[in-house]
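Next comes input-v7.pdb, with PDB, C-alpha atoms.
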```
ATOM      1  CA  ARG A   7      16.095  -9.693  28.841
ATOM      2  CA  PHE A   8      12.475  -9.949  27.866
ATOM      3  CA  ARG A   9      10.188 -10.916  25.029
ATOM      4  CA  ILE A  10       7.107  -9.439  23.451
ATOM      5  CA  ALA A  11       3.924 -11.169  22.444
ATOM      6  CA  SER A  12       1.278  -9.770  20.162
ATOM      7  CA  ARG A  13      -1.957 -11.017  18.676
ATOM      8  CA  ILE A  14      -2.599 -10.570  15.001
ATOM      9  CA  PRO A  15      -6.270  -9.610  14.574
ATOM     10  CA  LYS A  16      -8.665 -12.200  13.260
ATOM     11  CA  GLU A  17      -9.159 -12.201   9.537
ATOM     12  CA  LYS A  18     -12.388 -13.256   7.902
ATOM     13  CA  THR A  19     -11.945 -16.998   8.306
ATOM     14  CA  SER A  20      -8.904 -17.479  10.528
ATOM     15  CA  PRO A  21      -8.555 -17.255  14.312
ATOM     16  CA  PRO A  22      -6.234 -14.656  15.884
ATOM     17  CA  ARG A  23      -2.577 -15.706  15.919
ATOM     18  CA  LEU A  24      -0.075 -15.164  18.718
ATOM     19  CA  ILE A  25       3.305 -13.825  17.607
ATOM     20  CA  MET A  26       6.310 -14.071  19.938
ATOM     21  CA  ALA A  27       9.562 -12.174  19.512
ATOM     22  CA  GLY A  28      12.849 -12.259  21.394
ATOM     23  CA  HIS A  29      14.708  -9.597  23.343
ATOM     24  CA  ARG A  30      16.354  -7.861  20.357
ATOM     25  CA  ALA A  31      13.024  -7.539  18.567
ATOM     26  CA  ALA A  32      11.365  -6.248  21.747
ATOM     27  CA  VAL A  33      14.055  -3.569  22.142
ATOM     28  CA  ALA A  34      13.649  -2.567  18.485
ATOM     29  CA  VAL A  35       9.867  -2.214  18.943
ATOM     30  CA  MET A  36      10.317  -0.135  22.097
ATOM     31  CA  ASN A  37      12.778   2.151  20.291
ATOM     32  CA  TRP A  38      10.409   2.492  17.336
ATOM     33  CA  LEU A  39       7.500   3.430  19.618
ATOM     34  CA  ASN A  40       9.620   6.270  21.023
ATOM     35  CA  VAL A  41      10.502   7.809  17.647
ATOM     36  CA  ARG A  42       7.464   7.200  15.434
ATOM     37  CA  GLN A  43       5.490  10.177  14.170
ATOM     38  CA  TYR A  44       2.032   9.333  15.562
ATOM     39  CA  GLN A  45       2.698   8.653  19.247
ATOM     40  CA  ASP A  46      -0.979   8.156  20.158
ATOM     41  CA  SER A  47      -1.812   5.675  17.402
ATOM     42  CA  PRO A  48      -2.800   2.172  18.563
ATOM     43  CA  TRP A  49      -1.025   0.720  15.491
ATOM     44  CA  LEU A  50       2.618  -0.319  15.604
ATOM     45  CA  PHE A  51       3.188   0.849  12.030
ATOM     46  CA  CYS A  52       0.937   3.725  10.996
ATOM     47  CA  ALA A  53      -0.214   5.175   7.721
ATOM     48  CA  LEU A  54       1.939   8.209   6.960
ATOM     49  CA  ASP A  55      -0.939  10.524   6.153
ATOM     50  CA  ASP A  56      -3.083  10.157   9.295
ATOM     51  CA  GLY A  57      -1.543   7.636  11.701
ATOM     52  CA  GLY A  58      -4.305   5.131  10.978
ATOM     53  CA  GLN A  59      -4.096   1.427  10.236
ATOM     54  CA  LEU A  60      -2.065   0.344   7.219
ATOM     55  CA  SER A  61      -4.023  -1.597   4.649
ATOM     56  CA  ASN A  62      -2.990  -5.135   3.707
ATOM     57  CA  SER A  63      -2.115  -3.941   0.214
ATOM     58  CA  SER A  64       0.184  -1.232   1.625
ATOM     59  CA  VAL A  65       2.043  -3.747   3.773
ATOM     60  CA  ASN A  66       2.344  -6.180   0.847
ATOM     61  CA  SER A  67       3.675  -3.403  -1.385
ATOM     62  CA  LEU A  68       6.274  -2.420   1.208
ATOM     63  CA  PHE A  69       7.464  -6.019   1.567
ATOM     64  CA  ARG A  70       7.720  -6.377  -2.223
ATOM     65  CA  VAL A  71       9.944  -3.281  -2.389
ATOM     66  CA  ILE A  72      12.100  -4.464   0.523
ATOM     67  CA  ARG A  73      12.369  -7.967  -0.954
ATOM     68  CA  ARG A  74      13.390  -6.573  -4.346
ATOM     69  CA  ARG A  75      16.027  -4.259  -2.826
ATOM     70  CA  ALA A  76      17.452  -7.135  -0.767
ATOM     71  CA  ASN A  77      17.500  -9.438  -3.816
ATOM     72  CA  ILE A  78      15.297 -11.994  -2.070
ATOM     73  CA  PRO A  79      13.377 -14.118  -4.578
ATOM     74  CA  GLY A  80       9.592 -14.056  -4.457
ATOM     75  CA  TRP A  81       7.261 -16.985  -3.961
ATOM     76  CA  VAL A  82       7.229 -19.487  -6.776
ATOM     77  CA  HIS A  83       3.800 -20.996  -7.464
TER      78      HIS A  83
END
```
Take the structure in this file and express it as structure tokens.
Amino acid sequence: RFRIASRIPKEKTSPPRLIMAGHRAAVAVMNWLNVRQYQDSPWLFCALDDGGQLSNSSVNSLFRVIRRRANIPGWVH
């Protein structure tokens, strides 16, 4: 059993954050790295067209779609 740790890059005004994940998440990441299309990309999840970094808006859009399909309510302001 093992865990993974990753640093989220620093944004404009915030310091980098350390993200920890348990064994099941670590295994899922290892499996993903073995099957993803762009094997040499430094990014965990790559843009489909060139293997580059996903933009924040792309990630937000993906989460909105996933949230909607799973019937998870959005943030209420």
Query raised in the report: If you measure from CA of Trp38 in chain A to CA of Met26 in chain A, what distance in Å do you get, rounded to one decimal?
Result: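 Going from CA of Trp38 in chain A over to CA of Met26 in chain A, I get 17.3 Å.
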Requested in this report: Go ahead and compute the interatomic distance for CA of Gly80 in chain A and CA of Val65 in chain A, in Å to one decimal.
Outcome: 15.2 Å
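Going from CA of Gly57 in chain A to CA of Tyr44 in chain A covers 5.5 Å.
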Going by the chain IDs and residue numbers used in this file, which residues fall under the PyMOL selection byres ((chain A and resi 49) around 12)? Write them as a PDB file with C-alpha atoms, in the coordinates of the input.
```
ATOM      1  CA  SER A  12       1.278  -9.770  20.162  1.00  0.00           C
ATOM      2  CA  ILE A  14      -2.599 -10.570  15.001  1.00  0.00           C
ATOM      3  CA  PRO A  15      -6.270  -9.610  14.574  1.00  0.00           C
ATOM      4  CA  VAL A  35       9.867  -2.214  18.943  1.00  0.00           C
ATOM      5  CA  TRP A  38      10.409   2.492  17.336  1.00  0.00           C
ATOM      6  CA  LEU A  39       7.500   3.430  19.618  1.00  0.00           C
ATOM      7  CA  ARG A  42       7.464   7.200  15.434  1.00  0.00           C
ATOM      8  CA  GLN A  43       5.490  10.177  14.170  1.00  0.00           C
ATOM      9  CA  TYR A  44       2.032   9.333  15.562  1.00  0.00           C
ATOM     10  CA  GLN A  45       2.698   8.653  19.247  1.00  0.00           C
ATOM     11  CA  ASP A  46      -0.979   8.156  20.158  1.00  0.00           C
ATOM     12  CA  SER A  47      -1.812   5.675  17.402  1.00  0.00           C
ATOM     13  CA  PRO A  48      -2.800   2.172  18.563  1.00  0.00           C
ATOM     14  CA  LEU A  50       2.618  -0.319  15.604  1.00  0.00           C
ATOM     15  CA  PHE A  51       3.188   0.849  12.030  1.00  0.00           C
ATOM     16  CA  CYS A  52       0.937   3.725  10.996  1.00  0.00           C
ATOM     17  CA  ALA A  53      -0.214   5.175   7.721  1.00  0.00           C
ATOM     18  CA  LEU A  54       1.939   8.209   6.960  1.00  0.00           C
ATOM     19  CA  ASP A  56      -3.083  10.157   9.295  1.00  0.00           C
ATOM     20  CA  GLY A  57      -1.543   7.636  11.701  1.00  0.00           C
ATOM     21  CA  GLY A  58      -4.305   5.131  10.978  1.00  0.00           C
ATOM     22  CA  GLN A  59      -4.096   1.427  10.236  1.00  0.00           C
ATOM     23  CA  LEU A  60      -2.065   0.344   7.219  1.00  0.00           C
ATOM     24  CA  SER A  61      -4.023  -1.597   4.649  1.00  0.00           C
TER      25      SER A  61
END
```
What are the centre and edge lengths in Å, to one decimal, of the axis-aligned box around all listed atoms of range 30-45 of chain A with 4 Å added on each side, as AutoDock Vina command-line options?
```
--center_x 9.2 --center_y 1.2 --center_z 18.2 --size_x 22.3 --size_y 26.0 --size_z 16.0
```
